[in-house]
Every structure is written in C-alpha cells, then in structure tokens.
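Have a look at the structure below, then the notes.
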Protein chains: 4
Amino acid sequence: MPRDFRQKLHEIIYEADTPEGKLFDVVLLILIVISIVAVMLESVAGIKIVYGKELNIIEWVITAFFTIEYIARIISVKKPASYILSFYGIIDFLAMIPKYIDILFPGLGFLISIRALRLLRVFRILKLGRFVGASNQLVTALKKSKVKIAVFLFGVVIICIIMGTLMYIIEGPKSGFKNIPISIYWTIVTLTTVGFGDITPITPLGQFLSAVIMIMGYGIIAVPTGLVTAQFMQESKIQQNTQVCRVCNADHHRDDARYCYNCGSHLNK
Amino acid sequence: MPRDFRQKLHEIIYEADTPEGKLFDVVLLILIVISIVAVMLESVAGIKIVYGKELNIIEWVITAFFTIEYIARIISVKKPASYILSFYGIIDFLAMIPKYIDILFPGLGFLISIRALRLLRVFRILKLGRFVGASNQLVTALKKSKVKIAVFLFGVVIICIIMGTLMYIIEGPKSGFKNIPISIYWTIVTLTTVGFGDITPITPLGQFLSAVIMIMGYGIIAVPTGLVTAQFMQESKIQQNTQVCRVCNADHHRDDARYCYNCGSHLNK
Amino acid sequence: MPRDFRQKLHEIIYEADTPEGKLFDVVLLILIVISIVAVMLESVAGIKIVYGKELNIIEWVITAFFTIEYIARIISVKKPASYILSFYGIIDFLAMIPKYIDILFPGLGFLISIRALRLLRVFRILKLGRFVGASNQLVTALKKSKVKIAVFLFGVVIICIIMGTLMYIIEGPKSGFKNIPISIYWTIVTLTTVGFGDITPITPLGQFLSAVIMIMGYGIIAVPTGLVTAQFMQESKIQQNTQVCRVCNADHHRDDARYCYNCGSHLNK
Amino acid sequence: MPRDFRQKLHEIIYEADTPEGKLFDVVLLILIVISIVAVMLESVAGIKIVYGKELNIIEWVITAFFTIEYIARIISVKKPASYILSFYGIIDFLAMIPKYIDILFPGLGFLISIRALRLLRVFRILKLGRFVGASNQLVTALKKSKVKIAVFLFGVVIICIIMGTLMYIIEGPKSGFKNIPISIYWTIVTLTTVGFGDITPITPLGQFLSAVIMIMGYGIIAVPTGLVTAQFMQESKIQQNTQVCRVCNADHHRDDARYCYNCGSHLNK
C-alpha cells in the first residue's frame, strides 16, 4: 500500500481540517444516528414484527460500513495497537461485532444496542463552529472544580453507606430494606431526591431518619452548585479583564472599551 | 370598508398604547381565562353532569367572541396571510374551531382544551407596568446563556441515550425496561431526579448503574444553575451603571468610571 | 380596670423588651410546642388509646391558658377589633375554640390540630439574639427578588396549565389523566421534580412530552436559584464596603482593615 | 509498661506525621473497608448461604484486630476515660462489641453492621495530600453559612409542621395521611422534591395544597444554594491574595493592594 494513500486516509479519518475530513465526520455521525435509531426501533416489539426485515437490512449495511471504517482506521494509523486498545477503538469494535456474533449465537442479538456508545463521537461536533467557546468554558470550569467535586462526592458516598446501614438496622431485613447494599441504593435514591417509592420506610424511627436524609440531600445540593457557580464566575471574570491601562494601570475594563474609564487615555488592543 | 376603520381596528387589537387597546387586551385576557376555566371544569366528570349545560353556553358565547376577534384580526391587518400563518394566528384558529367541529363530530369535543394555548397571550401583561424590567432581565440573561445551555442539554441527551441503552442491556427486555425508548425515558426520569417509580431496576448491576445516574443528575444540575447565576450576576453588575456619555451616548459604564470607555470624554457625575 | 394595669399587661404580652415580656414569650412558645406535640400524639391511633386521658387533660390545661391569654390580649389592646380581626388574632381564636366545640360536636375534635398555626409565633425568636442578622439578610434578599420571582412563578404556572392540558389531550380521559385539573396537578408534580408516580404517562407521545417537561423543570430551577444567589451576593457586598479612604477615596476595604490598601493612610472607624 | 513504649504507641495510633503513623492509618482504613464489605455481603441472603463461613472468619479476624486496637488506644492515651467517652471512642467500642454479643445472644448479630460508622475515620484521608485545600475550603464555607442555614432549616421545619397538619385536616385520618407525624413526614418528602408516592393526596383541595408545597420546595431550594454560593465566592476572592506583609505577617490582602491593611507598610509585589 503506498504510503501516500495511508497518509491521505489518516487525514480524512482522524482529522477534521480538510473538506474531506469534515465530510467524513458528518457522514459518520449521520450513520451513527441512523444506526442507533434502527437499534432503538428494533427493540420495540410492535415495530420489530412489522419492520423487522427492513431494520435488519439497514443494520447490516451500517455494520458493513462500520467494518470498513474500522479496518481503514487500523491501516491508516502508524501504531494500530494503540488505536485498537484505545477507548474509542474498543467502542468501535464493540459497535461492529455484535451483528456478526448474532449469526453464530442468535440470542445475543440485543448486544447490538451497545452501538449507542458510538454516540460519544458526536461530541466531536462540539469542536466545530460556535459551540467551541461555550463547551470549552463548561469543560474548563468543571475541570477546575474537579478536586472539590471529588471531595464532595466522597463525602456523599460515605454518608450514603452509613445512613444506608443505619436504615437497614432500623427497618430490619424483613422490610423492603432486605440487605445493606439495597439500603444504600435506597439512600442514594432518597438523598439525590429521586425518590422512586419502590422501597419506603415503615417504622416511625425509619421515617424520621428518612426525613433527615431528605433534608440533608435538599441542603447539600447547594455544595456542587456553589462550587460550579463560583468557578463559572471566575472564568467569566478572566474573560473580561485582559487589558490594563498603560497610563494609570486601571484594569477590569469592558471588553469593547477603547478608552480607560479611570484616566480617559486611549487603550491599545 | 373605510381604511380609517381598519386602521382604528388595528390599533385596538394589535397595539396596547391607547386606552382602547389596553381595554381590549384586558377583556381578551379575562375571556381567555374564563374560557380555560370552563374547559377545565367541563373535563371533570362530576361537574359536567351537573353544570354541563351552563358551561356549554359559556363556551359558545366565548367561541362567538373568539370568532369575531379572529375575523377582526384578519381584516384589520394588511397582509392577512402573515397573521393566519403566524404562531399566534394558528393558535387563535385552533382555539376557535373545535367547538364548530364538535357539532359535526361530537366525539372530538375534548379538542376544545387546546384553547389553553391561548394563555400564551397572557405573557403580554408582562409588557405592562412594573414587570417589564424584571421579565426583560430574566429573558436577557437566559438568551445570553443560550448557547451554553444548548451544549449542556445536548450533553444530557447523549448521556440519557447511552445510559438508557446500557440499562436496557443490563435489565433486559423482560423487566420494566422493555425496549430502548422506554429505557431512555426512564433515564430522563431518573437523571432529572423526578423518579416516578413506575419502572425500577431489579438487578444489582442495574441498581448500581441507577445510583451512578442519580448522583450524576444530582451533580450536573449545578451546570445550568451556575450558568444562569453567573449571567444574572453580570446583568446586575451592568445594571448599576445609569449614566450615559453626553458626547457619544454610550451607556453601561462602570460605577466608578470617570471617563467614557468609548470616546474618552469626561463623565459628569 | 386601672389604666396602669392594662398598660403593664400590654407591655408583657405584646412587647419583648422587658424581662417579663421575654419570659411571657418564652413560656408561650413552650406551651405552644407542648400543645402541638400533644395534638400530634393524639392523632396517632395507638397512642390515643393508651394515653388519651392524659393528653386530653394537657390539652384542656393549655386551652385554658390560651383562653386567658386571648382575653388578656383583647383587654390590654386599645382597639380590640384590630387584634381580633388581625392574622394572629384569628389564629389565636382558631387555636382556642376547637376544644370547646368538641364538647358540643364531638366529631369535630380533630380541628384542634389547626393549633399548629400558632407555631408561626415561633418566628418571634428569630427577632432575638444572634439570629437577627442572618434572618434579616435572608428576608431582605428574598424581598428584593420578589418581583422577579413573581414573574418566574407566573411563567411556571402558565407552562403547567398548557402542558397539563396537552397531556390530557394526549393521554386521554381514560388514563390516569382523567381531567384537566388532575393533569395540571401531575404537571406540577413532574416539573418540580417531585414525581410521586401515582399517575404516569403510558402513550409514547405522552412519555416524550413528559421527558420534555422534566428536562424543562430540571433546567429552569436555575432561574430562582440564580436570582436569589445574585441577590445574596449583592447583599454581602454591601455589608463589606462601608468605609472609604479619606485620602485617596479607595473603597472595598476588608472589614477589619485599619490602613488603606491603596495609599497606606490610616482609616477611621 | 515503660513510658517510652506508650509514647511511641500514641505516636503511631493518634498521629499521622511519622511513617509508622501513616502506615497504621492506611492499614486501619483498609481493614475498616474490608470489614464493611464483609458485613454488607453477609447481609445479602444469597451470599450468606454460600460464603457465610468465610465471611464469619474474616469478621472474627477483624474483630480481633479492632479489639487490640481499642485496648492499645486506651493504654497509650494519658486519660483513657476521655477517649472511651469521646465520639470516636464510642464508635470504636460499638464496632467491636456486637461480634462478642453475638455469641451470647445470636439474634443480635445484625448489629455488627453498626461497624459502618467507623467509616467516618475515612475522613482522615482528607487531611492528607492534595485534598486538604479543597476540603478545608468546603468546610470553611459551610461553617460560615452555619447560622443562616440554621435559620433556613428552622423555617423549613416550621413550614413542614404547619403544612403537614393542614394536609391531615384536609385529607382526613381515613386516607394515607392517617396521623399528623405521618403527614409531616409526607410534607418533608414532598417539599424536598423526593416524592416517594407511597402516600398521595386524593381530594382536590389536598392536591391543590400539595401543588403549593411542591412549588414552594422547588423555589426555596434557591436559599441554601444562594447562601453557599455567595460564601464560596467570597472564599475564592480571598484565595486570590497570596502575599503576606513583611512587617506584621498579615495575609489575605486584596489583589491590587499596595499597602498592608493591618499596619500600613508598603507591600512588595
């Protein structure tokens, strides 16, 4: 295979700078979306009976394309192993393989729905056009609050384990809280204010502790919110204050300011 | 029809500057509210049996008024088509027509409840009096966060599709998660912390993934909150500046600004 | 009755400046709390059977005190009518009267639980000691966001009415959405992310609209949060910046600053 | 016992500065986690049948270690009583004792799950490494909002008691709202937007009041969020100042400070 062809292929598949690269990305995204819609529709019993055949054909066509794409990705990259073992490499493989397995083991056909993971590639479109700024800011702010959010989640998990165990002791194994993992699951359901209601406390003491858990959950949601908000505000501040007046050193000018608000001298941009 | 009359009619119906225009708006709003209350009451079986006749008369009177209003709106506007095909034009038509259809096809009488959409006209009162500032600020702040909120919602939808599909694979089609669309619906119910409890995971792995989805939903609500809060804060900062430059008419100066950021001339305080 | 005694009585009952006034307030609060605990316990069937007699005695003693207090309030105030018809006057009357009614009409005894409303008097303790600042700040911030919160709630109610009606049209009167008021109630349950699950959509279109309502509710909670946060921040800013340097006019000093951060001159406190 | 040994033991057990101290902490944490996983697994009926024997052995080994640790803690501290009666002392005792009780009274074996409380020691790792800053900031911000959060929770509890009682009066003791404590529990479930759905209002008036409670809960969550956010923002503002006055060692200066706010001496940048 000529090295030139491989390089061209790499450019088209892995990059989005050239028109061909962009076209490939768009076609791929459309195919992923079609494939996921097909998988979704096939999972609905009523639709499968009527349109099962058509959906099967669509899935085979897309599987064929995905297979070609997978092979192309392998041959165009310098170190195939690094792609094959990468996160996206594994997803691409998992998205392609179930249809082939289905021939050998018909019962495993539902595994094709794992194809939905390919949707993660959709996040590439966030790298295009006017979404760049917005998504970058979101990601940056979340990354900066990372450690604090980790500490917070750690605390939440500890609270859930302790409270879940206490609920198990109070309500006892004969109620809906039949073991500790289930009780912890219930505590998470309650603390996050989801509240399915499939398991509910019956004893007065259990209901009292539940009330405490709920009010706790209602209150501590303030923590991640406060963290992210404070981070967003700092980001937006940084965005505004890039220039400093050369004459009086005043900063915090408006983004579109042409003159210093403090001494009236002209600002260089 | 004299042109003068049409112009007068247009002023009354479409504008709210003249006393007649305001009166028309208020009367229309009252009629819309009465009409919706009547439709609501009629939908309650117990009330319909006792007061059905009276409610029917009220609905016909209001339908007659709505019909006259609809015709008046068409004849008073220069390009009737633009009104008829506009958002409000279609709603006005849909609010009026079901009562007439009901004579021909009695079974479709319940469609009259679509009249509730006319309530959207109530937002006109936000353009009156002391609500103007408040609603403008809310709308402005939301508009400015638009792109970021779109990116966030896009991410949430992708997460819901992927998580919903995984839950379908884990819980299997024999549980409440009987197909992928239902699983995605369930994931949205859970991620938004609504948690109806009509469908709940039964397998330990399913419950573990549910817990992950819940904590995720509990945490990422911080993102829209942070975005909107940061935006509100910036709005309220800008609000503090009430002075306008006498030379170039630029406004939104910093509170402590002494010189115009746009033309550099001195500001009087 | 000597005028002096009435004035003294007024001071004790209505004011909290004198030691007697404070004592009266504390005793009253304790009696209200005891009375409410008694009412609560009596409502529990198991407890009423065993301790019904004792609880009845406690309630009569407290009712006697409340009656004396009510009469004392009337005779000590200059215009008795203004107290009797005031918000607290009506609550005080409602808290006292059910026990007497109970003798005449035994079935209405449960009305005594309306006594819980007297708990509102507990908010008086927020006027004492170190809670003053904190509760004032909370109340001030909420009052300042009042108009914006009203506009927001108005929008939420309109959305609930329209969405509730649409859900009624989609799900039809034979489902759980049996009439429009119930559908609107369900929409509020869903939009606020409470999600009882007693009524759930069954049709795919209904589930889709539900998902839209949920994501809406998940997102727009950002609005009141943003409003209140922005208000709190402005409050806390105002609290900090009370002094301005006499030499260079710099402001925004730390609360405990003794020297100007800008020119180093001494600050007067 | 030589005094030297006791001091060494104290250093290892109570402090984390020496390598041995750190090792002890890590080993202890690992044992606590293993012990809790064992307790959890044992509570699951299916697992207990198969692996009951192995889990029992693990629990005895850990109980033995915990017993040694408990004794070591007592003998190494100067005033054993102060440890025994401290919060952690009681937890350590409760974590150790149920296994011994189980021999005498086999039915109480499930009390061993109280061992989960030892997880609280895990918070020690927050004192290690890069989590220190983040967790300190979280704790500081929460501590500073303490009084305001207390006032807020106080208000929420009063609202829940009053609303719960009103719901009991409206829905009556024959519905799910069978007594006032249950009604208050339901109000907390609803106000915090958890919404189990095990108890739901049936009367129109009850549903209306529920809707009011929900919208209230949806709105007032803004208060703790706003408080904590405002506090975080102030913390992060203070954080930006990294310089310390060379004369008086005061820190937390404004970013643009040129003179020390405490002693007025010039700051070098």
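Lettering and numbering for the structure tokens are positional, with chains as A, B, ... in the shown order, residues counted from 1 in each chain, and ligands counted from 1 in the shown order.
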
Practice problem: Do me a favour and pick out the residues of chain D within 9 Å of chain A, using only C-alpha atoms, as a VMD selection string. | Solution: chain D and resid 39 to 45 110 to 111 113 to 120 122 to 123 126 130 to 131 133 to 135 137 to 138 142 149 153 181 to 182 185 to 186 188 to 189 192 to 198 221 to 234 236

With C-alpha atoms kept, could you save the residues just selected as a compact mmCIF listing (two decimals), in the first residue's frame?
```txt
# COMPACT_ATOMS: atom_id res chain seq x y z
CA VAL D 39 -20.80 -7.01 56.73
CA MET D 40 -22.58 -5.86 53.57
CA LEU D 41 -22.09 -9.17 51.80
CA GLU D 42 -23.23 -11.12 54.84
CA SER D 43 -26.49 -9.15 54.89
CA VAL D 44 -27.32 -10.47 51.40
CA ALA D 45 -29.20 -13.73 51.99
CA PHE D 110 -27.10 -7.93 62.63
CA LEU D 111 -25.97 -5.17 64.99
CA SER D 113 -23.47 -3.52 60.72
CA ILE D 114 -23.12 -0.56 63.09
CA ARG D 115 -19.46 -1.04 62.23
CA ALA D 116 -20.17 1.14 59.18
CA LEU D 117 -19.87 4.14 61.47
CA ARG D 118 -16.13 3.51 61.59
CA LEU D 119 -16.11 4.73 58.00
CA LEU D 120 -16.15 8.22 59.50
CA VAL D 122 -12.02 7.68 56.41
CA PHE D 123 -12.36 11.44 56.56
CA LEU D 126 -8.95 14.25 53.60
CA ARG D 130 -3.89 17.49 47.77
CA PHE D 131 -7.37 17.13 49.23
CA GLY D 133 -7.08 22.65 50.49
CA ALA D 134 -10.30 21.61 48.80
CA SER D 135 -11.87 20.03 51.86
CA GLN D 137 -12.43 25.40 51.76
CA LEU D 138 -15.67 23.40 51.64
CA LEU D 142 -20.22 25.71 55.18
CA ILE D 149 -28.51 27.65 57.15
CA LEU D 153 -33.77 24.84 58.23
CA PRO D 181 -46.50 12.76 62.23
CA ILE D 182 -47.10 10.78 59.02
CA TYR D 185 -43.19 13.09 57.05
CA TRP D 186 -45.12 13.26 53.76
CA ILE D 188 -40.94 16.70 54.05
CA VAL D 189 -40.92 14.04 51.29
CA THR D 192 -37.66 18.29 49.33
CA THR D 193 -38.95 17.09 45.92
CA VAL D 194 -38.19 13.46 46.79
CA GLY D 195 -41.79 12.33 46.22
CA PHE D 196 -41.92 8.61 47.04
CA GLY D 197 -45.57 8.30 46.07
CA ASP D 198 -46.40 5.81 48.85
CA ILE D 221 -34.07 25.36 47.38
CA ALA D 222 -32.63 28.56 45.97
CA VAL D 223 -31.97 29.79 49.52
CA PRO D 224 -29.32 27.28 50.72
CA THR D 225 -27.83 27.26 47.23
CA GLY D 226 -27.59 31.03 47.18
CA LEU D 227 -26.09 31.16 50.66
CA VAL D 228 -23.40 28.58 49.98
CA THR D 229 -22.59 30.02 46.55
CA ALA D 230 -22.19 33.54 47.94
CA GLN D 231 -19.92 32.12 50.62
CA PHE D 232 -17.80 30.14 48.12
CA MET D 233 -17.37 33.24 46.01
CA GLN D 234 -16.10 35.25 48.94
CA SER D 236 -12.37 32.26 46.35
```

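When the distance limit is 12 Å and only C-alpha atoms are what count, the residues near A:Phe24, minus those fewer than 6 positions from it on the same chain, are Leu9, His10, Glu11, Ile12, Ile13, Tyr14, Glu15, Ala16, Asp17, Thr18, Ile30, Leu31 and Glu69 of chain A.
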
Written file, previous selection with N, CA, C and O atoms, as a PDB file, in the first residue's frame:
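Just written: again_14.pdb:
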```pdb
ATOM      1  N   LEU A   9      -5.609   8.836   3.879  1.00  0.00           N
ATOM      2  CA  LEU A   9      -6.668   8.167   4.629  1.00  0.00           C
ATOM      3  C   LEU A   9      -6.684   8.672   6.077  1.00  0.00           C
ATOM      4  O   LEU A   9      -7.739   8.964   6.643  1.00  0.00           O
ATOM      5  N   HIS A  10      -5.478   8.786   6.642  1.00  0.00           N
ATOM      6  CA  HIS A  10      -5.362   9.264   8.022  1.00  0.00           C
ATOM      7  C   HIS A  10      -5.948  10.656   8.174  1.00  0.00           C
ATOM      8  O   HIS A  10      -6.687  10.961   9.121  1.00  0.00           O
ATOM      9  N   GLU A  11      -5.625  11.504   7.177  1.00  0.00           N
ATOM     10  CA  GLU A  11      -6.116  12.873   7.196  1.00  0.00           C
ATOM     11  C   GLU A  11      -7.636  12.917   7.177  1.00  0.00           C
ATOM     12  O   GLU A  11      -8.262  13.672   7.913  1.00  0.00           O
ATOM     13  N   ILE A  12      -8.214  12.078   6.312  1.00  0.00           N
ATOM     14  CA  ILE A  12      -9.673  12.082   6.170  1.00  0.00           C
ATOM     15  C   ILE A  12     -10.338  11.567   7.443  1.00  0.00           C
ATOM     16  O   ILE A  12     -11.294  12.156   7.955  1.00  0.00           O
ATOM     17  N   ILE A  13      -9.818  10.454   7.951  1.00  0.00           N
ATOM     18  CA  ILE A  13     -10.497   9.779   9.058  1.00  0.00           C
ATOM     19  C   ILE A  13     -10.242  10.454  10.401  1.00  0.00           C
ATOM     20  O   ILE A  13     -11.165  10.676  11.176  1.00  0.00           O
ATOM     21  N   TYR A  14      -9.015  10.802  10.664  1.00  0.00           N
ATOM     22  CA  TYR A  14      -8.680  11.272  12.008  1.00  0.00           C
ATOM     23  C   TYR A  14      -8.712  12.778  12.166  1.00  0.00           C
ATOM     24  O   TYR A  14      -8.721  13.284  13.265  1.00  0.00           O
ATOM     25  N   GLU A  15      -8.654  13.523  11.070  1.00  0.00           N
ATOM     26  CA  GLU A  15      -8.636  14.971  11.208  1.00  0.00           C
ATOM     27  C   GLU A  15      -9.896  15.602  10.637  1.00  0.00           C
ATOM     28  O   GLU A  15     -10.620  14.987   9.867  1.00  0.00           O
ATOM     29  N   ALA A  16     -10.143  16.827  11.038  1.00  0.00           N
ATOM     30  CA  ALA A  16     -11.353  17.498  10.579  1.00  0.00           C
ATOM     31  C   ALA A  16     -11.021  18.829   9.926  1.00  0.00           C
ATOM     32  O   ALA A  16     -11.864  19.703   9.802  1.00  0.00           O
ATOM     33  N   ASP A  17      -9.756  18.989   9.459  1.00  0.00           N
ATOM     34  CA  ASP A  17      -9.352  20.281   8.917  1.00  0.00           C
ATOM     35  C   ASP A  17      -9.689  20.403   7.435  1.00  0.00           C
ATOM     36  O   ASP A  17     -10.043  21.467   6.960  1.00  0.00           O
ATOM     37  N   THR A  18      -9.548  19.299   6.715  1.00  0.00           N
ATOM     38  CA  THR A  18      -9.809  19.332   5.278  1.00  0.00           C
ATOM     39  C   THR A  18     -11.297  19.143   5.007  1.00  0.00           C
ATOM     40  O   THR A  18     -12.017  18.601   5.845  1.00  0.00           O
ATOM     41  N   ILE A  30     -24.000  10.902  10.838  1.00  0.00           N
ATOM     42  CA  ILE A  30     -25.341  10.578  10.340  1.00  0.00           C
ATOM     43  C   ILE A  30     -25.566   9.075  10.413  1.00  0.00           C
ATOM     44  O   ILE A  30     -26.622   8.605  10.865  1.00  0.00           O
ATOM     45  N   LEU A  31     -24.567   8.289   9.995  1.00  0.00           N
ATOM     46  CA  LEU A  31     -24.697   6.833  10.031  1.00  0.00           C
ATOM     47  C   LEU A  31     -24.860   6.327  11.469  1.00  0.00           C
ATOM     48  O   LEU A  31     -25.667   5.433  11.719  1.00  0.00           O
ATOM     49  N   GLU A  69     -14.792   1.033   7.950  1.00  0.00           N
ATOM     50  CA  GLU A  69     -14.212   2.159   8.695  1.00  0.00           C
ATOM     51  C   GLU A  69     -13.192   1.655   9.714  1.00  0.00           C
ATOM     52  O   GLU A  69     -12.104   2.217   9.849  1.00  0.00           O
TER      53      GLU A  69
END
```

* To do: Extract, using only C-alpha atoms, all DNA, RNA and protein residues at most 10 Å from C:Lys99, discarding same-chain residues fewer than 5 positions from it, and format them as a PyMOL selection string.
  => chain C and resi 56+59-60+63-64+94+104-106+108-112

Exercise. Hey, can you check how far atom CA of C:Ser265 sits from atom CA of D:Gly264?
Worked result: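 Between atom CA of C:Ser265 and atom CA of D:Gly264 the gap is 6.6 Å.
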
Name the residues of stretch 17-173 of chain B that come out as alpha helix (DSSP H) in a backbone DSSP run; write them as an MDAnalysis selection string. chainID B and resid 19:43 45:76 80:84 87:104 131:144 146:171

Emit the selected residues as a CSV table (one decimal), in the first residue's frame, including C-alpha atoms.
```csv
chain,number,residue,atom,x,y,z
B,19,PRO,CA,-56.8,53.2,26.3
B,20,GLU,CA,-59.0,51.2,23.9
B,21,GLY,CA,-56.1,48.9,23.1
B,22,LYS,CA,-55.4,48.3,26.7
B,23,LEU,CA,-59.1,47.7,27.4
B,24,PHE,CA,-59.2,45.2,24.5
B,25,ASP,CA,-56.2,43.3,25.9
B,26,VAL,CA,-57.7,43.1,29.4
B,27,VAL,CA,-61.1,42.0,28.2
B,28,LEU,CA,-59.4,39.4,25.9
B,29,LEU,CA,-57.3,38.1,28.8
B,30,ILE,CA,-60.3,37.8,31.1
B,31,LEU,CA,-62.3,35.9,28.4
B,32,ILE,CA,-59.3,33.6,27.7
B,33,VAL,CA,-59.1,32.8,31.5
B,34,ILE,CA,-62.9,32.3,31.8
B,35,SER,CA,-62.8,30.1,28.7
B,36,ILE,CA,-60.0,27.9,30.1
B,37,VAL,CA,-61.7,27.6,33.5
B,38,ALA,CA,-64.8,26.5,31.7
B,39,VAL,CA,-62.9,23.9,29.7
B,40,MET,CA,-61.2,22.7,32.8
B,41,LEU,CA,-64.4,22.3,34.8
B,42,GLU,CA,-66.1,20.6,31.8
B,43,SER,CA,-63.3,17.9,31.8
B,45,ALA,CA,-66.9,14.3,35.0
B,46,GLY,CA,-68.8,15.2,38.2
B,47,ILE,CA,-69.1,18.9,37.3
B,48,LYS,CA,-70.0,18.2,33.7
B,49,ILE,CA,-73.1,16.2,34.7
B,50,VAL,CA,-74.4,19.0,36.9
B,51,TYR,CA,-73.4,22.2,35.2
B,52,GLY,CA,-72.8,20.8,31.6
B,53,LYS,CA,-75.5,23.0,30.1
B,54,GLU,CA,-74.3,26.2,31.6
B,55,LEU,CA,-70.7,25.5,30.7
B,56,ASN,CA,-71.7,24.8,27.1
B,57,ILE,CA,-73.5,28.1,26.9
B,58,ILE,CA,-70.4,30.0,28.3
B,59,GLU,CA,-68.2,28.2,25.8
B,60,TRP,CA,-70.4,29.1,22.8
B,61,VAL,CA,-70.5,32.7,23.9
B,62,ILE,CA,-66.7,32.8,24.1
B,63,THR,CA,-66.4,30.9,20.9
B,64,ALA,CA,-68.5,33.5,19.2
B,65,PHE,CA,-66.3,36.3,20.6
B,66,PHE,CA,-63.2,34.5,19.6
B,67,THR,CA,-64.6,34.1,16.1
B,68,ILE,CA,-65.4,37.8,15.8
B,69,GLU,CA,-61.9,38.6,17.1
B,70,TYR,CA,-60.3,36.2,14.6
B,71,ILE,CA,-62.2,37.8,11.7
B,72,ALA,CA,-61.4,41.3,13.0
B,73,ARG,CA,-57.7,40.4,13.2
B,74,ILE,CA,-57.7,39.2,9.6
B,75,ILE,CA,-59.5,42.2,8.2
B,76,SER,CA,-57.5,44.8,10.1
B,80,PRO,CA,-53.9,38.6,6.3
B,81,ALA,CA,-51.8,35.6,5.3
B,82,SER,CA,-48.9,36.6,7.5
B,83,TYR,CA,-51.3,36.7,10.5
B,84,ILE,CA,-53.1,33.5,9.6
B,87,PHE,CA,-47.7,31.2,15.5
B,88,TYR,CA,-50.5,33.1,17.3
B,89,GLY,CA,-52.7,33.0,14.2
B,90,ILE,CA,-52.7,29.3,14.2
B,91,ILE,CA,-53.3,29.1,18.0
B,92,ASP,CA,-56.3,31.6,17.6
B,93,PHE,CA,-57.7,29.4,14.9
B,94,LEU,CA,-57.2,26.2,16.9
B,95,ALA,CA,-58.9,27.8,19.9
B,96,MET,CA,-61.9,28.7,17.9
B,97,ILE,CA,-62.5,25.8,15.6
B,98,PRO,CA,-63.1,22.7,17.9
B,99,LYS,CA,-66.5,24.0,19.1
B,100,TYR,CA,-67.7,24.0,15.5
B,101,ILE,CA,-66.1,20.6,14.7
B,102,ASP,CA,-68.0,19.3,17.8
B,103,ILE,CA,-71.3,19.8,16.0
B,104,LEU,CA,-70.2,17.7,13.1
B,131,PHE,CA,-43.0,43.7,35.5
B,132,VAL,CA,-41.2,45.0,32.3
B,133,GLY,CA,-37.8,45.4,34.0
B,134,ALA,CA,-37.9,42.1,35.8
B,135,SER,CA,-39.1,40.0,32.8
B,136,ASN,CA,-36.7,41.7,30.5
B,137,GLN,CA,-33.7,40.9,32.7
B,138,LEU,CA,-34.8,37.3,33.1
B,139,VAL,CA,-35.2,36.9,29.3
B,140,THR,CA,-31.9,38.7,28.5
B,141,ALA,CA,-29.9,36.5,31.0
B,142,LEU,CA,-31.5,33.3,29.6
B,143,LYS,CA,-30.8,34.4,26.0
B,144,LYS,CA,-27.2,35.1,26.7
B,146,LYS,CA,-28.5,30.2,25.3
B,147,VAL,CA,-25.5,28.5,23.5
B,148,LYS,CA,-24.1,27.1,26.8
B,149,ILE,CA,-27.4,25.8,27.8
B,150,ALA,CA,-27.8,24.2,24.4
B,151,VAL,CA,-24.4,22.5,24.7
B,152,PHE,CA,-25.4,21.3,28.2
B,153,LEU,CA,-28.8,19.9,27.1
B,154,PHE,CA,-27.0,18.2,24.1
B,155,GLY,CA,-24.7,16.5,26.6
B,156,VAL,CA,-27.6,15.5,28.8
B,157,VAL,CA,-29.5,13.9,25.9
B,158,ILE,CA,-26.4,12.0,24.8
B,159,ILE,CA,-25.9,10.7,28.4
B,160,CYS,CA,-29.5,9.7,28.6
B,161,ILE,CA,-29.4,7.8,25.3
B,162,ILE,CA,-26.2,5.9,26.3
B,163,MET,CA,-27.2,5.2,29.9
B,164,GLY,CA,-30.8,4.2,28.8
B,165,THR,CA,-29.3,1.7,26.3
B,166,LEU,CA,-27.0,0.3,28.9
B,167,MET,CA,-29.8,-0.1,31.4
B,168,TYR,CA,-31.8,-1.9,28.7
B,169,ILE,CA,-28.9,-4.3,28.1
B,170,ILE,CA,-28.4,-4.9,31.9
B,171,GLU,CA,-32.0,-5.2,32.9
```
